[in-house]
Amino acid sequence: MVNIGKKEKIKLLKTMKKIRSFEEAVFKLTSQSLVQGSVHFYIGQEAIATGICHCIDKKDYVMSNHRGHGHMIARGARLEKMMAELMGRKDGYCKGKGGTMHLLDPSIGMMGANGIVGGGNPIAVGLGYACKNFEKERIVVSFFGDGALNTGAFHESLNLASVWELPILFVCENNQYAISTSVDYSTPLADLSKRAASYGIVGTNIDGNNILKVIDETKNCIKAIKKDKRPVLLVCNTYRHMGHSIHDPRTYRTKEEEKNWKKKDPILLFESKLLKEKTIDQAAIKDMQKDIDRDIEKAIGFGKKSPKPGKQELFNDIYA
Ligand SMILES: Cc1ncc(C[n+]2csc(CCOP(=O)(O)OP(=O)(O)O)c2C)c(N)n1
Ligand SMILES: [Mg+2]
């Protein structure tokens with residue numbers, strides 16, 4: 001396992017907690033109708049975005065999907081601009097016109113969330129092509145779900161990325177479901193990373209709830225991408241704690257299944273490890289949470305104060 005210092009471990013825990021608290025706050029705001037649209041919560045998957053973004057460089061590119069708040073936060077996006085966007089306000093990342101599924105910030109390499117399942121992978125191929133030919137020191141990370149694994153765009157993207165030898169880490173976040181369809185039902189493979197063989201690339205399958213494992217394997221994958229000049233498929237197994245989106249009664253799975261997976265909550269696991277090895281104590285965890293809550297309150301205040309974009313804004317940023 002990689003050796004990670006005390007300060008870094010604490011920072012990782014804080015990022016995971018920040019993602020979770022942000023999502024919990026957004027959940028409350030949806031019930032007050034301050035956030036509209038179909039929000040897809042990242043709760044339960046925090047170790048993946050946090051661990052992977054920890055391993056990449058500031059200049060690298062990241063493609064996200066419809067469940068993208070965690071990717072943005074792990075990459076260092078500004079909470080207030082995210083919150084304003086979710087609230088449909090002028091000071092949001094897309095001037096309030098994109099919402100939850102179109103968050104992006106090219107200044108930190110976040111090249112866009114995407115409402116089209118699997119739609120990020122072909123864009124990642126374009127970015128990978130740019131990296132290979134013009135921006136040689138960069139790589140691309142593309143996050144997508146187990147449902148996206150069965151789209152045509154997945155096949156086209158991995159095939160072309162392999163043929164063109166592009167520096168892309170394809171990250172499948174297998175949270176066990178695509179809306180209500182379980183991965184066991186949709187995909188006749190216990191190990192999804194085996195798909196990699198058909199593109200002549202390396203595929204690997206890990207516990208996505210163990211942040212240290214995520215970091216360890218991501219570092220190996222990046223080394224392989226740079227050395228072999230090939231993309232890699234990394235499958236991270238995890239579970240989404242909440243429904244697919246805000247309106248989901250979750251009748252397709254049992255309470256017992258949810259309870260069992262919640263025992264493997266990535267934040268609880270990492271926090272208890274850090275407490276046990278005395279990297280952190282309860283008082284410091286409390287202070288950390290206070291800090292996070294303060295930042296989130298500030299972001300909510302910023303969003304509420306920001307004006308709505310106004311009708312004229314409908315005619316801006318249109319390219320014909
Ligand atoms: C091309 C396309 N087909 C269908 C949908 C409707 N849809 C939205 S999310 C989703 C499931 C995606 O599942 P997965 O890729 O596993 O991601 P997760 O939601 O689990 O993070 C579907 C089918 C869509 N948005 N785009
Ligand atoms: Mg899924």
# chains A, B, ... in the order shown; residues from 1 in each chain; ligands from 1
>>> residues_near_ligand(ligand="ligand 1", cutoff="7 Å", atoms="only C-alpha atoms and all ligand atoms", output="ChimeraX atom specification")
/A:66-67,115-118,144-149,174-179,244
>>> residues_around(residues="Ile280 (chain A)", least_positions_apart="4", cutoff="10 Å", atoms="only C-alpha atoms", output="ChimeraX atom specification")
/A:6-7,9-10,271-276,284-285
>>> atom_distance(atom1="CA of Ala130 (chain A)", atom2="CA of Lys194 (chain A)")
27.5 Å
>>> residues_around(residues="Gly120 (chain A)", least_positions_apart="3", cutoff="10 Å", atoms="only C-alpha atoms", output="list in words")
Val62, Met63, Ser64, Asn65, His66, Met111, Gly112, Ala113, Asn114, Gly115, Ile116, Val117, Ile123, Ala124, Val125, Ser142, Phe143, Phe144, Ala148, Ala153, Phe154 and Ser157 of chain A
>>> write_last_selection(atoms="N, CA, C and O atoms", output="short mmCIF file (atom, residue, chain, number, x, y, z; two decimals), in the first residue's frame")
data_model
loop_
_atom_site.label_atom_id
_atom_site.label_comp_id
_atom_site.auth_asym_id
_atom_site.auth_seq_id
_atom_site.Cartn_x
_atom_site.Cartn_y
_atom_site.Cartn_z
N VAL A 62 -10.75 16.04 -16.21
CA VAL A 62 -11.72 15.10 -15.63
C VAL A 62 -13.06 15.26 -16.33
O VAL A 62 -13.56 16.38 -16.50
N MET A 63 -13.63 14.14 -16.75
CA MET A 63 -15.00 14.14 -17.28
C MET A 63 -15.90 13.51 -16.22
O MET A 63 -15.55 12.50 -15.63
N SER A 64 -17.05 14.12 -16.03
CA SER A 64 -17.96 13.64 -14.99
C SER A 64 -19.26 13.13 -15.64
O SER A 64 -19.38 13.12 -16.87
N ASN A 65 -20.21 12.73 -14.80
CA ASN A 65 -21.51 12.28 -15.34
C ASN A 65 -22.65 12.97 -14.60
O ASN A 65 -22.45 14.04 -14.02
N HIS A 66 -23.83 12.38 -14.61
CA HIS A 66 -24.99 13.01 -13.96
C HIS A 66 -24.89 13.02 -12.44
O HIS A 66 -25.62 13.72 -11.78
N MET A 111 -14.16 19.18 -16.99
CA MET A 111 -14.63 19.47 -18.34
C MET A 111 -16.12 19.18 -18.54
O MET A 111 -16.62 19.25 -19.65
N GLY A 112 -16.81 18.84 -17.46
CA GLY A 112 -18.26 18.82 -17.58
C GLY A 112 -18.94 17.58 -17.04
O GLY A 112 -18.51 16.45 -17.29
N ALA A 113 -20.02 17.83 -16.30
CA ALA A 113 -20.96 16.76 -15.96
C ALA A 113 -21.79 16.54 -17.21
O ALA A 113 -21.68 17.29 -18.19
N ASN A 114 -22.64 15.50 -17.18
CA ASN A 114 -23.32 15.13 -18.41
C ASN A 114 -24.60 14.37 -18.11
O ASN A 114 -24.57 13.37 -17.39
N GLY A 115 -25.71 14.82 -18.66
CA GLY A 115 -26.98 14.15 -18.41
C GLY A 115 -27.21 12.94 -19.30
O GLY A 115 -28.15 12.18 -19.10
N ILE A 116 -26.33 12.76 -20.28
CA ILE A 116 -26.50 11.62 -21.20
C ILE A 116 -25.65 10.47 -20.67
O ILE A 116 -24.42 10.59 -20.58
N VAL A 117 -26.29 9.38 -20.30
CA VAL A 117 -25.55 8.26 -19.73
C VAL A 117 -24.49 7.77 -20.72
O VAL A 117 -24.81 7.46 -21.86
N ILE A 123 -16.22 12.29 -25.15
CA ILE A 123 -15.55 13.59 -24.94
C ILE A 123 -14.17 13.35 -24.33
O ILE A 123 -13.18 14.00 -24.69
N ALA A 124 -14.10 12.38 -23.43
CA ALA A 124 -12.80 12.03 -22.83
C ALA A 124 -11.82 11.58 -23.90
O ALA A 124 -10.62 11.87 -23.83
N VAL A 125 -12.32 10.88 -24.92
CA VAL A 125 -11.45 10.44 -26.02
C VAL A 125 -10.89 11.67 -26.75
O VAL A 125 -9.70 11.73 -27.07
N SER A 142 -12.06 9.70 -16.74
CA SER A 142 -13.46 9.77 -17.12
C SER A 142 -14.30 8.91 -16.17
O SER A 142 -14.13 7.69 -16.10
N PHE A 143 -15.18 9.56 -15.40
CA PHE A 143 -16.04 8.84 -14.45
C PHE A 143 -17.38 8.50 -15.10
O PHE A 143 -18.01 9.36 -15.74
N PHE A 144 -17.82 7.27 -14.91
CA PHE A 144 -19.15 6.87 -15.41
C PHE A 144 -19.67 5.70 -14.57
O PHE A 144 -18.91 5.13 -13.78
N ALA A 148 -23.64 2.91 -17.71
CA ALA A 148 -22.95 3.45 -18.89
C ALA A 148 -22.07 2.40 -19.56
O ALA A 148 -21.75 2.50 -20.75
N ALA A 153 -21.55 3.98 -26.64
CA ALA A 153 -20.47 4.97 -26.51
C ALA A 153 -19.30 4.41 -25.70
O ALA A 153 -18.14 4.79 -25.93
N PHE A 154 -19.58 3.51 -24.76
CA PHE A 154 -18.50 2.89 -23.97
C PHE A 154 -17.60 2.09 -24.91
O PHE A 154 -16.37 2.24 -24.91
N SER A 157 -15.67 4.34 -27.36
CA SER A 157 -14.64 5.13 -26.69
C SER A 157 -13.43 4.29 -26.30
O SER A 157 -12.29 4.67 -26.54
#
>>> select_by_dssp(residues="region 33-260 of chain A", states="alpha helix (DSSP H)", output="MDAnalysis selection string")
chainID A and resid 46:55 69:74 79:86 120:133 152:163 183:186 211:228 255:260
>>> atom_distance(atom1="CA of Asp207 (chain A)", atom2="CA of Asn237 (chain A)")
5.1 Å
>>> residues_around(residues="Lys59 (chain A)", least_positions_apart="6", cutoff="12 Å", atoms="only C-alpha atoms", output="ChimeraX atom specification")
/A:53,75,106-111,131,135-141
